[in-house]
$ cat entry.pdb   # PDB, C-alpha atoms (C1' of nucleotides)
MODEL        1
ATOM      1  CA  MET O 862      92.388  67.695  95.574
ATOM      2  CA  SER O 863      92.237  66.109  92.199
ATOM      3  CA  LYS O 864      91.846  69.586  90.853
ATOM      4  CA  GLN O 865      94.732  71.354  89.210
ATOM      5  CA  ALA O 866      94.778  68.473  86.749
ATOM      6  CA  ALA O 867      95.602  70.673  83.790
ATOM      7  CA  VAL O 868      98.835  70.427  81.910
ATOM      8  CA  ASP O 869     100.053  66.934  82.439
ATOM      9  CA  VAL O 870     100.949  66.861  78.825
ATOM     10  CA  ARG O 871     104.409  65.616  78.070
ATOM     11  CA  CYS O 872     105.939  68.715  76.714
ATOM     12  CA  CYS O 873     106.190  71.366  74.259
ATOM     13  CA  PRO O 874     107.236  71.400  70.636
ATOM     14  CA  PRO O 875     106.735  74.987  69.453
ATOM     15  CA  LEU O 876     103.299  75.786  68.104
ATOM     16  CA  SER O 877     104.803  76.757  64.805
ATOM     17  CA  GLU O 878     106.939  73.668  64.491
ATOM     18  CA  ARG O 879     104.358  70.968  64.325
ATOM     19  CA  ARG O 880     100.619  70.881  64.606
ATOM     20  CA  VAL O 881      99.375  70.638  68.177
ATOM     21  CA  PRO O 882      97.235  67.512  68.648
ATOM     22  CA  ALA O 883      93.754  67.861  70.055
ATOM     23  CA  GLU O 884      94.593  66.350  73.448
ATOM     24  CA  THR O 885      97.522  68.672  73.942
ATOM     25  CA  ALA O 886      95.381  71.640  72.973
ATOM     26  CA  ALA O 887      92.695  70.547  75.388
ATOM     27  CA  ALA O 888      95.235  70.214  78.185
ATOM     28  CA  LEU O 889      97.050  73.482  77.567
ATOM     29  CA  ALA O 890      94.149  75.757  76.629
ATOM     30  CA  PRO O 891      92.899  76.102  80.224
ATOM     31  CA  ALA O 892      96.275  77.515  81.251
ATOM     32  CA  PHE O 893      96.122  80.125  78.500
ATOM     33  CA  LYS O 894      92.540  80.860  79.389
ATOM     34  CA  ALA O 895      93.572  81.432  82.987
ATOM     35  CA  LEU O 896      96.065  84.030  81.777
ATOM     36  CA  GLY O 897      93.432  85.553  79.515
ATOM     37  CA  ASP O 898      92.140  87.945  82.134
ATOM     38  CA  PRO O 899      94.009  91.160  82.958
ATOM     39  CA  VAL O 900      93.562  90.703  86.690
ATOM     40  CA  ARG O 901      94.862  87.154  86.627
ATOM     41  CA  LEU O 902      97.763  88.116  84.385
ATOM     42  CA  GLN O 903      98.796  90.732  86.917
ATOM     43  CA  LEU O 904      98.278  88.344  89.805
ATOM     44  CA  MET O 905     100.425  85.768  88.025
ATOM     45  CA  SER O 906     103.123  88.344  87.499
ATOM     46  CA  MET O 907     103.032  89.541  91.092
ATOM     47  CA  ILE O 908     103.313  85.975  92.306
ATOM     48  CA  ALA O 909     106.035  84.956  89.870
ATOM     49  CA  SER O 910     108.125  88.025  90.509
ATOM     50  CA  ALA O 911     107.710  88.041  94.267
ATOM     51  CA  GLU O 912     110.718  88.300  96.522
ATOM     52  CA  GLY O 913     111.509  84.912  97.970
ATOM     53  CA  GLY O 914     109.373  83.232  95.336
ATOM     54  CA  GLU O 915     106.131  83.648  97.192
ATOM     55  CA  ILE O 916     103.629  86.300  98.175
ATOM     56  CA  CYS O 917     100.824  86.642 100.689
ATOM     57  CA  VAL O 918      97.215  87.053  99.597
ATOM     58  CA  CYS O 919      97.138  90.035 101.921
ATOM     59  CA  ASP O 920      99.654  91.741  99.612
ATOM     60  CA  LEU O 921      97.766  90.746  96.489
ATOM     61  CA  THR O 922      94.260  91.903  97.380
ATOM     62  CA  PRO O 923      94.933  95.604  98.082
ATOM     63  CA  ALA O 924      96.612  95.955  94.681
ATOM     64  CA  PHE O 925      93.243  95.800  92.924
ATOM     65  CA  ASP O 926      89.926  97.583  93.087
ATOM     66  CA  LEU O 927      88.179  94.310  93.669
ATOM     67  CA  THR O 928      86.718  92.556  96.683
ATOM     68  CA  GLY O 929      88.498  89.778  98.523
ATOM     69  CA  PRO O 930      86.186  87.048  97.272
ATOM     70  CA  THR O 931      86.823  88.114  93.687
ATOM     71  CA  ILE O 932      90.593  87.960  94.092
ATOM     72  CA  SER O 933      90.201  84.631  95.825
ATOM     73  CA  HIS O 934      88.180  83.386  92.880
ATOM     74  CA  HIS O 935      90.864  84.432  90.415
ATOM     75  CA  LEU O 936      93.548  82.776  92.514
ATOM     76  CA  LYS O 937      91.508  79.603  92.497
ATOM     77  CA  THR O 938      91.375  79.747  88.726
ATOM     78  CA  LEU O 939      95.155  80.078  88.539
ATOM     79  CA  ARG O 940      95.499  77.211  90.996
ATOM     80  CA  GLU O 941      93.199  74.934  89.011
ATOM     81  CA  ALA O 942      95.107  75.758  85.849
ATOM     82  CA  GLY O 943      98.214  74.458  87.550
ATOM     83  CA  LEU O 944      99.974  77.799  87.335
ATOM     84  CA  VAL O 945     100.396  78.436  91.044
ATOM     85  CA  ASP O 946     100.532  76.630  94.352
ATOM     86  CA  ALA O 947      98.985  77.826  97.590
ATOM     87  CA  ASP O 948     100.348  77.247 101.043
ATOM     88  CA  ARG O 949      98.713  78.281 104.286
ATOM     89  CA  ARG O 950     101.072  79.349 107.031
ATOM     90  CA  GLY O 951      99.285  80.416 110.149
ATOM     91  CA  THR O 952      96.797  83.114 109.407
ATOM     92  CA  TRP O 953      98.138  83.902 105.981
ATOM     93  CA  VAL O 954      98.123  82.063 102.693
ATOM     94  CA  TYR O 955     101.111  82.300 100.388
ATOM     95  CA  TYR O 956     101.083  81.730  96.655
ATOM     96  CA  ARG O 957     104.002  80.445  94.634
ATOM     97  CA  ALA O 958     104.436  80.115  90.863
ATOM     98  CA  ARG O 959     104.983  76.768  89.160
ATOM     99  CA  PRO O 960     107.760  77.554  86.681
ATOM    100  CA  THR O 961     107.435  74.243  84.893
ATOM    101  CA  VAL O 962     104.012  74.939  83.481
ATOM    102  CA  LEU O 963     104.934  78.508  82.630
ATOM    103  CA  GLY O 964     107.973  77.153  80.797
ATOM    104  CA  GLN O 965     105.825  74.733  78.811
ATOM    105  CA  LEU O 966     103.549  77.527  77.670
ATOM    106  CA  ALA O 967     106.528  79.691  76.765
ATOM    107  CA  ALA O 968     108.110  76.859  74.802
ATOM    108  CA  LEU O 969     104.870  76.265  72.944
ATOM    109  CA  LEU O 970     104.694  79.890  71.873
ATOM    110  CA  THR O 971     108.366  80.202  71.068
ATOM    111  CA  VAL O 972     108.881  81.407  67.565
ATOM    112  CA  VAL O 973     111.487  79.281  65.924
ATOM    113  CA  PRO O 974     113.736  81.480  63.766
ATOM    114  CA  THR O 975     112.828  79.326  60.805
ATOM    115  CA  GLY O 976     115.857  79.080  58.614
ATOM    116  CA  ALA O 977     119.364  79.698  59.879
ATOM    117  CA  ASP O 978     119.321  80.569  63.546
ATOM    118  CA  ALA O 979     118.943  77.477  65.609
ATOM    119  CA  ALA O 980     120.123  79.044  68.850
ATOM    120  CA  PRO O 981     117.403  79.683  71.412
ATOM    121  CA  ALA O 982     118.360  83.326  71.194
ATOM    122  CA  ALA O 983     114.775  83.998  70.296
ATOM    123  CA  ARG O 984     114.521  86.185  73.371
ATOM    124  CA  PRO O 985     113.594  89.627  72.069
ATOM    125  CA  GLU O 986     115.105  91.044  75.254
ATOM    126  CA  CYS O 987     113.331  94.293  74.525
ATOM    127  CA  SER O 988     115.158  97.563  74.126
TER     128      SER O 988
ATOM    129  CA  MET I 363      89.818  97.945  60.173
ATOM    130  CA  SER I 364      90.643  99.520  63.460
ATOM    131  CA  LYS I 365      90.128  96.142  64.957
ATOM    132  CA  GLN I 366      93.082  93.937  65.757
ATOM    133  CA  ALA I 367      94.273  96.719  68.030
ATOM    134  CA  ALA I 368      95.535  94.366  70.717
ATOM    135  CA  VAL I 369      99.171  94.089  71.654
ATOM    136  CA  ASP I 370     100.772  97.333  70.708
ATOM    137  CA  VAL I 371     102.620  97.202  73.953
ATOM    138  CA  ARG I 372     106.308  97.887  73.721
ATOM    139  CA  CYS I 373     107.713  94.613  74.701
ATOM    140  CA  CYS I 374     108.223  91.901  77.060
ATOM    141  CA  PRO I 375     110.135  91.659  80.284
ATOM    142  CA  PRO I 376     109.420  88.168  81.610
ATOM    143  CA  LEU I 377     106.410  87.862  83.859
ATOM    144  CA  SER I 378     108.611  86.614  86.638
ATOM    145  CA  GLU I 379     111.169  89.339  86.302
ATOM    146  CA  ARG I 380     109.140  92.398  87.096
ATOM    147  CA  ARG I 381     105.519  93.018  87.854
ATOM    148  CA  VAL I 382     103.401  93.516  84.748
ATOM    149  CA  PRO I 383     101.689  96.916  84.819
ATOM    150  CA  ALA I 384      97.937  97.110  84.426
ATOM    151  CA  GLU I 385      98.016  98.557  80.906
ATOM    152  CA  THR I 386     100.331  95.833  79.686
ATOM    153  CA  ALA I 387      98.149  93.199  81.256
ATOM    154  CA  ALA I 388      95.081  94.712  79.639
ATOM    155  CA  ALA I 389      96.789  94.738  76.264
ATOM    156  CA  LEU I 390      98.206  91.233  76.413
ATOM    157  CA  ALA I 391      95.373  89.381  78.147
ATOM    158  CA  PRO I 392      93.146  89.285  75.038
ATOM    159  CA  ALA I 393      95.871  87.430  73.172
ATOM    160  CA  PHE I 394      96.103  84.801  75.898
ATOM    161  CA  LYS I 395      92.345  84.630  76.033
ATOM    162  CA  ALA I 396      92.249  83.973  72.313
ATOM    163  CA  LEU I 397      94.586  81.024  72.841
ATOM    164  CA  GLY I 398      92.480  79.830  75.757
ATOM    165  CA  ASP I 399      90.193  77.713  73.637
ATOM    166  CA  PRO I 400      91.301  74.269  72.411
ATOM    167  CA  VAL I 401      89.920  74.861  68.942
ATOM    168  CA  ARG I 402      91.688  78.201  68.552
ATOM    169  CA  LEU I 403      94.909  76.768  69.939
ATOM    170  CA  GLN I 404      94.807  74.081  67.285
ATOM    171  CA  LEU I 405      93.878  76.597  64.601
ATOM    172  CA  MET I 406      96.772  78.800  65.666
ATOM    173  CA  SER I 407      99.113  75.863  65.481
ATOM    174  CA  MET I 408      97.872  74.756  62.085
ATOM    175  CA  ILE I 409      98.315  78.282  60.779
ATOM    176  CA  ALA I 410     101.719  78.857  62.365
ATOM    177  CA  SER I 411     103.094  75.541  61.223
ATOM    178  CA  ALA I 412     101.655  75.656  57.721
ATOM    179  CA  GLU I 413     103.876  75.035  54.739
ATOM    180  CA  GLY I 414     104.728  78.295  53.070
ATOM    181  CA  GLY I 415     103.643  80.214  56.150
ATOM    182  CA  GLU I 416      99.987  80.290  55.250
ATOM    183  CA  ILE I 417      96.980  78.026  55.047
ATOM    184  CA  CYS I 418      93.565  78.135  53.391
ATOM    185  CA  VAL I 419      90.387  78.217  55.467
ATOM    186  CA  CYS I 420      89.244  75.340  53.310
ATOM    187  CA  ASP I 421      92.027  73.242  54.848
ATOM    188  CA  LEU I 422      91.221  74.400  58.358
ATOM    189  CA  THR I 423      87.483  73.769  58.456
ATOM    190  CA  PRO I 424      87.412  70.033  57.689
ATOM    191  CA  ALA I 425      89.892  69.372  60.515
ATOM    192  CA  PHE I 426      87.186  69.958  63.111
ATOM    193  CA  ASP I 427      83.732  68.654  63.904
ATOM    194  CA  LEU I 428      82.385  72.176  63.738
ATOM    195  CA  THR I 429      80.434  74.175  61.200
ATOM    196  CA  GLY I 430      81.988  76.718  58.892
ATOM    197  CA  PRO I 431      80.531  79.708  60.695
ATOM    198  CA  THR I 432      81.949  78.508  63.977
ATOM    199  CA  ILE I 433      85.457  78.128  62.553
ATOM    200  CA  SER I 434      85.067  81.528  60.946
ATOM    201  CA  HIS I 435      84.110  82.974  64.312
ATOM    202  CA  HIS I 436      87.213  81.509  65.964
ATOM    203  CA  LEU I 437      89.415  82.830  63.180
ATOM    204  CA  LYS I 438      87.938  86.256  63.690
ATOM    205  CA  THR I 439      88.807  86.048  67.352
ATOM    206  CA  LEU I 440      92.418  85.186  66.527
ATOM    207  CA  ARG I 441      92.466  88.033  64.017
ATOM    208  CA  GLU I 442      91.151  90.563  66.492
ATOM    209  CA  ALA I 443      93.709  89.420  69.040
ATOM    210  CA  GLY I 444      96.391  90.306  66.514
ATOM    211  CA  LEU I 445      97.644  86.746  66.314
ATOM    212  CA  VAL I 446      96.937  86.125  62.641
ATOM    213  CA  ASP I 447      96.421  87.956  59.382
ATOM    214  CA  ALA I 448      93.902  87.064  56.715
ATOM    215  CA  ASP I 449      94.348  87.510  53.019
ATOM    216  CA  ARG I 450      91.753  86.785  50.371
ATOM    217  CA  ARG I 451      93.091  85.447  47.084
ATOM    218  CA  GLY I 452      90.368  84.755  44.594
ATOM    219  CA  THR I 453      87.831  82.387  46.024
ATOM    220  CA  TRP I 454      89.931  81.333  48.968
ATOM    221  CA  VAL I 455      91.083  83.086  52.120
ATOM    222  CA  TYR I 456      94.525  82.386  53.523
ATOM    223  CA  TYR I 457      95.623  82.882  57.119
ATOM    224  CA  ARG I 458      99.124  83.701  58.225
ATOM    225  CA  ALA I 459     100.614  83.885  61.739
ATOM    226  CA  ARG I 460     102.049  87.091  63.186
ATOM    227  CA  PRO I 461     105.245  85.855  64.838
ATOM    228  CA  THR I 462     105.908  89.157  66.572
ATOM    229  CA  VAL I 463     102.950  88.905  68.905
ATOM    230  CA  LEU I 464     103.566  85.223  69.510
ATOM    231  CA  GLY I 465     107.149  86.110  70.411
ATOM    232  CA  GLN I 466     106.021  88.747  72.871
ATOM    233  CA  LEU I 467     103.760  86.290  74.631
ATOM    234  CA  ALA I 468     106.536  83.714  74.738
ATOM    235  CA  ALA I 469     108.997  86.231  76.146
ATOM    236  CA  LEU I 470     106.512  87.249  78.797
ATOM    237  CA  LEU I 471     106.121  83.658  79.948
ATOM    238  CA  THR I 472     109.782  82.815  79.738
ATOM    239  CA  VAL I 473     111.095  81.514  82.993
ATOM    240  CA  VAL I 474     114.363  83.177  83.788
ATOM    241  CA  PRO I 475     116.748  80.750  85.483
ATOM    242  CA  THR I 476     117.201  83.381  88.194
ATOM    243  CA  GLY I 477     120.021  82.156  90.353
ATOM    244  CA  ALA I 478     118.617  80.327  93.333
ATOM    245  CA  ASP I 479     115.543  78.835  91.760
ATOM    246  CA  ALA I 480     113.993  75.548  92.677
ATOM    247  CA  ALA I 481     113.475  74.558  89.082
ATOM    248  CA  PRO I 482     116.613  73.727  87.119
ATOM    249  CA  ALA I 483     116.592  73.739  83.322
ATOM    250  CA  ALA I 484     114.331  76.623  82.453
ATOM    251  CA  ARG I 485     113.616  75.238  78.999
ATOM    252  CA  PRO I 486     112.209  71.743  79.529
ATOM    253  CA  GLU I 487     113.301  71.052  75.984
ATOM    254  CA  CYS I 488     111.175  67.935  76.074
ATOM    255  CA  SER I 489     112.619  64.485  75.725
TER     256      SER I 489
ATOM    257  C1'  DA Q1299      85.930  80.172 125.679
ATOM    258  C1'  DC Q1300      85.571  84.178 123.150
ATOM    259  C1'  DA Q1301      86.393  87.582 119.890
ATOM    260  C1'  DC Q1302      89.112  89.085 116.005
ATOM    261  C1'  DT Q1303      91.381  88.865 111.460
ATOM    262  C1'  DG Q1304      92.379  86.794 107.040
ATOM    263  C1'  DT Q1305      90.791  83.728 103.436
ATOM    264  C1'  DC Q1306      87.593  80.934 101.116
ATOM    265  C1'  DT Q1307      82.891  79.171  99.713
ATOM    266  C1'  DC Q1308      78.175  79.977  98.366
ATOM    267  C1'  DG Q1309      74.349  81.982  95.874
ATOM    268  C1'  DA Q1310      72.941  85.454  92.825
ATOM    269  C1'  DC Q1311      73.284  88.742  89.081
ATOM    270  C1'  DG Q1312      74.295  90.512  84.434
ATOM    271  C1'  DT Q1313      77.474  89.864  80.705
ATOM    272  C1'  DC Q1314      80.296  87.374  77.547
ATOM    273  C1'  DT Q1315      81.236  83.066  74.783
ATOM    274  C1'  DG Q1316      80.747  78.960  71.746
ATOM    275  C1'  DT Q1317      77.737  76.938  68.808
ATOM    276  C1'  DC Q1318      74.339  76.549  65.283
ATOM    277  C1'  DG Q1319      71.203  77.520  60.968
ATOM    278  C1'  DA Q1320      69.872  80.980  57.757
ATOM    279  C1'  DA Q1321      71.140  84.730  55.123
ATOM    280  C1'  DT Q1322      74.659  87.501  52.842
ATOM    281  C1'  DC Q1323      78.891  88.753  50.464
ATOM    282  C1'  DA Q1324      82.958  87.840  47.123
ATOM    283  C1'  DG Q1325      84.844  85.673  43.207
ATOM    284  C1'  DA Q1326      84.955  82.208  39.423
ATOM    285  C1'  DC Q1327      83.050  80.343  35.475
ATOM    286  C1'  DA Q1328      79.581  79.110  32.099
TER     287       DA Q1328
ATOM    288  C1'  DT C 921      74.024  87.676  33.201
ATOM    289  C1'  DG C 922      73.168  83.995  36.062
ATOM    290  C1'  DT C 923      74.674  80.447  38.970
ATOM    291  C1'  DC C 924      77.797  78.024  41.737
ATOM    292  C1'  DT C 925      81.186  77.575  45.675
ATOM    293  C1'  DG C 926      83.756  79.331  49.620
ATOM    294  C1'  DA C 927      83.754  82.439  53.553
ATOM    295  C1'  DT C 928      81.658  85.691  56.581
ATOM    296  C1'  DT C 929      77.902  87.959  59.111
ATOM    297  C1'  DC C 930      73.544  87.813  61.623
ATOM    298  C1'  DG C 931      70.294  86.265  65.173
ATOM    299  C1'  DA C 932      69.361  83.052  68.667
ATOM    300  C1'  DC C 933      70.253  80.101  72.524
ATOM    301  C1'  DA C 934      72.457  77.455  76.397
ATOM    302  C1'  DG C 935      76.220  77.564  79.240
ATOM    303  C1'  DA C 936      80.363  79.718  81.280
ATOM    304  C1'  DC C 937      82.467  83.817  83.441
ATOM    305  C1'  DG C 938      83.441  88.014  86.504
ATOM    306  C1'  DT C 939      81.699  90.308  90.156
ATOM    307  C1'  DC C 940      79.535  91.053  94.461
ATOM    308  C1'  DG C 941      77.557  90.485  99.458
ATOM    309  C1'  DA C 942      76.716  87.257 103.048
ATOM    310  C1'  DG C 943      78.251  83.652 105.468
ATOM    311  C1'  DA C 944      81.596  79.879 106.845
ATOM    312  C1'  DC C 945      86.149  78.302 108.037
ATOM    313  C1'  DA C 946      91.086  78.549 109.999
ATOM    314  C1'  DG C 947      94.352  80.505 113.200
ATOM    315  C1'  DT C 948      95.797  83.884 116.681
ATOM    316  C1'  DG C 949      95.536  86.127 120.793
ATOM    317  C1'  DT C 950      93.165  87.611 124.859
TER     318       DT C 950
ENDMDL
END
$ encode --input "entry.pdb" --output "structure tokens"
Amino acid sequence: MSKQAAVDVRCCPPLSERRVPAETAAALAPAFKALGDPVRLQLMSMIASAEGGEICVCDLTPAFDLTGPTISHHLKTLREAGLVDADRRGTWVYYRARPTVLGQLAALLTVVPTGADAAPAARPECS
Amino acid sequence: MSKQAAVDVRCCPPLSERRVPAETAAALAPAFKALGDPVRLQLMSMIASAEGGEICVCDLTPAFDLTGPTISHHLKTLREAGLVDADRRGTWVYYRARPTVLGQLAALLTVVPTGADAAPAARPECS
DNA sequence: ACACTGTCTCGACGTCTGTCGAATCAGACA
DNA sequence: TGTCTGATTCGACAGACGTCGAGACAGTGT
């Protein structure tokens, strides 16, 4: 308890809109740092895209060439960054994404189409 | 040259939409890692929100309680992550944001309001 | 009660990171 | 040319990070 403090910050004016104050940077940086490892980025994706909104650690671990303790460590990092929630159910532990925090980070990085375009259509949608 | 290789990856289906493949994670993680430091997050913001789209290192350095070399080191990190571009003009060096990469990261984190989702309003929009 | 399975914590290790001061490089201007 | 200022690179150091094996903890089932 008392961990997972990160990202209490009010909200999220785009990075490029106005200068991010030091406290906001200090609160948000840990979340970015947590995503700054390939393994954790994949874990985050597997959790966020899981059927039913949650996924068992037992499905996460075998997807990597890493030991259980190492995966557990990475999950802890994601948890402490406030990006995911864990929930033990019987023998297994399920992880669930916290869309709010993810949304804050996305909003912060959103590139405002400086000039005309005001619509949030800034979703490259990829081709 | 030859540095700043990061983020050549095609594009950006939201993290929560489909599982991010290992190569994509490996390519994108360095960018998140670069933003995972409070100082660099502030630097990135100052650069991205600068008037005229660019800002002089001489305006960046005095904004922190850090030495010149340290700021220079952080700027190099942002450069190598492909997040900014540097441009020397006479005595001064100007930094400019690369909105494309920023947009990719934002798209990746975007929370799709996928039908039955606990969280309403995907874009907190801040109040 | 016991054993078994799944997950986490602990301690250790080598590597990477953030910071600094000193030295170097790039232009401007006498 | 020489000197000055702004920015980067270099070398060093303490601390943080990613990884592992061993052990502890939580539930299930016999």
$ interface_residues --input "entry.pdb" --of "chain I" --to "chain C" --cutoff "10 Å" --atoms "all atoms listed in the file" --output "ChimeraX atom specification"
/I:419-420,430-431,434-435,438,450,452-455
$ atom_distance --input "entry.pdb" --atom1 "CA of Cys917 in chain O" --atom2 "C1' of DT1305 in chain Q"
10.8 Å
$ resolve_selection --input "entry.pdb" --expression "the PyMOL selection byres ((chain O and resi 921) around 10)" --output "list in words"
Gln903, Leu904, Met907, Ile908, Ile916, Cys917, Val918, Cys919, Asp920, Thr922, Pro923, Ala924, Phe925, Gly929, Ile932, Ser933, Leu936, Tyr955 and Tyr956 of chain O
$ write_last_selection --input "entry.pdb" --atoms "C-alpha atoms" --output "PDB file, in the frame of the given file"
ATOM      1  CA  GLN O 903      98.796  90.732  86.917  1.00  0.00           C
ATOM      2  CA  LEU O 904      98.278  88.344  89.805  1.00  0.00           C
ATOM      3  CA  MET O 907     103.032  89.541  91.092  1.00  0.00           C
ATOM      4  CA  ILE O 908     103.313  85.975  92.306  1.00  0.00           C
ATOM      5  CA  ILE O 916     103.629  86.300  98.175  1.00  0.00           C
ATOM      6  CA  CYS O 917     100.824  86.642 100.689  1.00  0.00           C
ATOM      7  CA  VAL O 918      97.215  87.053  99.597  1.00  0.00           C
ATOM      8  CA  CYS O 919      97.138  90.035 101.921  1.00  0.00           C
ATOM      9  CA  ASP O 920      99.654  91.741  99.612  1.00  0.00           C
ATOM     10  CA  THR O 922      94.260  91.903  97.380  1.00  0.00           C
ATOM     11  CA  PRO O 923      94.933  95.604  98.082  1.00  0.00           C
ATOM     12  CA  ALA O 924      96.612  95.955  94.681  1.00  0.00           C
ATOM     13  CA  PHE O 925      93.243  95.800  92.924  1.00  0.00           C
ATOM     14  CA  GLY O 929      88.498  89.778  98.523  1.00  0.00           C
ATOM     15  CA  ILE O 932      90.593  87.960  94.092  1.00  0.00           C
ATOM     16  CA  SER O 933      90.201  84.631  95.825  1.00  0.00           C
ATOM     17  CA  LEU O 936      93.548  82.776  92.514  1.00  0.00           C
ATOM     18  CA  TYR O 955     101.111  82.300 100.388  1.00  0.00           C
ATOM     19  CA  TYR O 956     101.083  81.730  96.655  1.00  0.00           C
TER      20      TYR O 956
END
$ closest_atom_pairs --input "entry.pdb" --of "chain Q" --to "chain I" --cutoff "9 Å" --atoms "only C-alpha atoms (C1' of nucleotides)" --output "tab-separated table"
residue	atom	partner	partner_atom	distance
Q:DG1316	C1'	I:Thr432	CA	7.9
Q:DT1317	C1'	I:Thr432	CA	6.6
Q:DC1318	C1'	I:Thr429	CA	7.7
Q:DA1324	C1'	I:Thr453	CA	7.4
Q:DG1325	C1'	I:Thr453	CA	5.3
Q:DA1326	C1'	I:Thr453	CA	7.2
$ interface_residues --input "entry.pdb" --of "chain O" --to "chain I" --cutoff "8 Å" --atoms "all atoms listed in the file" --output "ChimeraX atom specification"
/O:871-874,876-883,886-887,889-900,902-903,905-911,960-961,963-972,983-987
$ resolve_selection --input "entry.pdb" --expression "the PyMOL selection byres ((chain I and resi 443) around 7)" --output "ChimeraX atom specification"
/I:366,368,392-393,396,439-442,444-445
$ axis_aligned_box --input "entry.pdb" --around "range 1306-1313 of chain Q" --padding-each-side "5 Å" --output "lines of an AutoDock Vina configuration file"
center_x = 80.3
center_y = 84.8
center_z = 90.9
size_x = 24.7
size_y = 21.3
size_z = 30.4
$ atom_distance --input "entry.pdb" --atom1 "CA of Arg957 in chain O" --atom2 "CA of Asp926 in chain O"
22.2 Å
$ atom_distance --input "entry.pdb" --atom1 "CA of Glu413 in chain I" --atom2 "CA of Val446 in chain I"
15.3 Å
$ decode --input "entry.pdb" --residues "range 931-942 of chain C" --atoms "N, CA and C atoms (P, O5', C5', C4', C3', O3' and C1' of nucleotides)" --output "tab-separated table (two decimals), in the first residue's frame"
chain	number	residue	atom	x	y	z
C	931	DG	P	38.27	9.62	-22.30
C	931	DG	O5'	38.23	9.74	-20.70
C	931	DG	C5'	38.95	10.78	-20.05
C	931	DG	C4'	38.68	10.74	-18.56
C	931	DG	C3'	38.56	9.34	-17.98
C	931	DG	O3'	39.25	9.32	-16.73
C	931	DG	C1'	36.59	10.56	-17.52
C	932	DA	P	39.27	7.97	-15.84
C	932	DA	O5'	38.26	8.36	-14.65
C	932	DA	C5'	38.47	9.60	-13.97
C	932	DA	C4'	37.36	9.81	-12.95
C	932	DA	C3'	37.03	8.56	-12.12
C	932	DA	O3'	37.08	8.91	-10.75
C	932	DA	C1'	35.06	9.51	-13.05
C	933	DC	P	37.13	7.76	-9.64
C	933	DC	O5'	35.67	7.82	-8.99
C	933	DC	C5'	35.20	9.06	-8.44
C	933	DC	C4'	33.71	8.98	-8.28
C	933	DC	C3'	33.25	7.68	-7.61
C	933	DC	O3'	32.69	7.99	-6.35
C	933	DC	C1'	31.89	8.27	-9.47
C	934	DA	P	32.30	6.78	-5.32
C	934	DA	O5'	30.72	7.00	-5.09
C	934	DA	C5'	30.22	8.31	-4.82
C	934	DA	C4'	28.73	8.33	-5.13
C	934	DA	C3'	27.92	7.26	-4.40
C	934	DA	O3'	26.71	7.83	-3.95
C	934	DA	C1'	27.67	7.01	-6.74
C	935	DG	P	25.72	6.97	-3.03
C	935	DG	O5'	24.55	6.57	-4.04
C	935	DG	C5'	23.86	7.59	-4.75
C	935	DG	C4'	23.06	6.97	-5.85
C	935	DG	C3'	22.10	5.85	-5.39
C	935	DG	O3'	20.81	6.19	-5.82
C	935	DG	C1'	23.36	5.17	-7.29
C	936	DA	P	19.51	5.30	-5.49
C	936	DA	O5'	19.15	4.72	-6.94
C	936	DA	C5'	18.92	5.63	-8.00
C	936	DA	C4'	18.72	4.86	-9.29
C	936	DA	C3'	17.64	3.79	-9.21
C	936	DA	O3'	16.86	3.85	-10.39
C	936	DA	C1'	19.68	2.82	-9.91
C	937	DC	P	15.65	2.83	-10.63
C	937	DC	O5'	16.30	1.74	-11.59
C	937	DC	C5'	16.93	2.17	-12.79
C	937	DC	C4'	17.30	0.96	-13.62
C	937	DC	C3'	16.25	-0.13	-13.64
C	937	DC	O3'	16.05	-0.54	-14.97
C	937	DC	C1'	18.34	-1.02	-12.97
C	938	DG	P	14.97	-1.66	-15.37
C	938	DG	O5'	15.88	-2.93	-15.64
C	938	DG	C5'	16.64	-3.01	-16.83
C	938	DG	C4'	17.22	-4.40	-16.96
C	938	DG	C3'	16.18	-5.52	-16.95
C	938	DG	O3'	16.56	-6.51	-17.90
C	938	DG	C1'	17.68	-5.80	-15.13
C	939	DT	P	15.64	-7.75	-18.22
C	939	DT	O5'	16.30	-8.89	-17.33
C	939	DT	C5'	17.60	-9.41	-17.68
C	939	DT	C4'	18.17	-10.24	-16.57
C	939	DT	C3'	17.26	-11.35	-16.07
C	939	DT	O3'	17.49	-12.53	-16.82
C	939	DT	C1'	18.55	-10.29	-14.31
C	940	DC	P	16.69	-13.88	-16.55
C	940	DC	O5'	17.43	-14.50	-15.28
C	940	DC	C5'	18.82	-14.83	-15.39
C	940	DC	C4'	19.37	-15.16	-14.02
C	940	DC	C3'	18.64	-16.30	-13.33
C	940	DC	O3'	19.41	-17.49	-13.46
C	940	DC	C1'	19.05	-14.46	-11.84
C	941	DG	P	18.70	-18.91	-13.09
C	941	DG	O5'	19.01	-19.07	-11.53
C	941	DG	C5'	20.35	-19.16	-11.07
C	941	DG	C4'	20.37	-19.25	-9.55
C	941	DG	C3'	19.58	-20.43	-8.97
C	941	DG	O3'	20.31	-20.96	-7.86
C	941	DG	C1'	18.70	-18.39	-8.14
C	942	DA	P	19.75	-22.26	-7.08
C	942	DA	O5'	19.18	-21.62	-5.73
C	942	DA	C5'	20.00	-20.73	-4.99
C	942	DA	C4'	19.27	-20.25	-3.76
C	942	DA	C3'	18.43	-21.30	-3.05
C	942	DA	O3'	18.56	-21.12	-1.65
C	942	DA	C1'	17.05	-19.49	-3.66
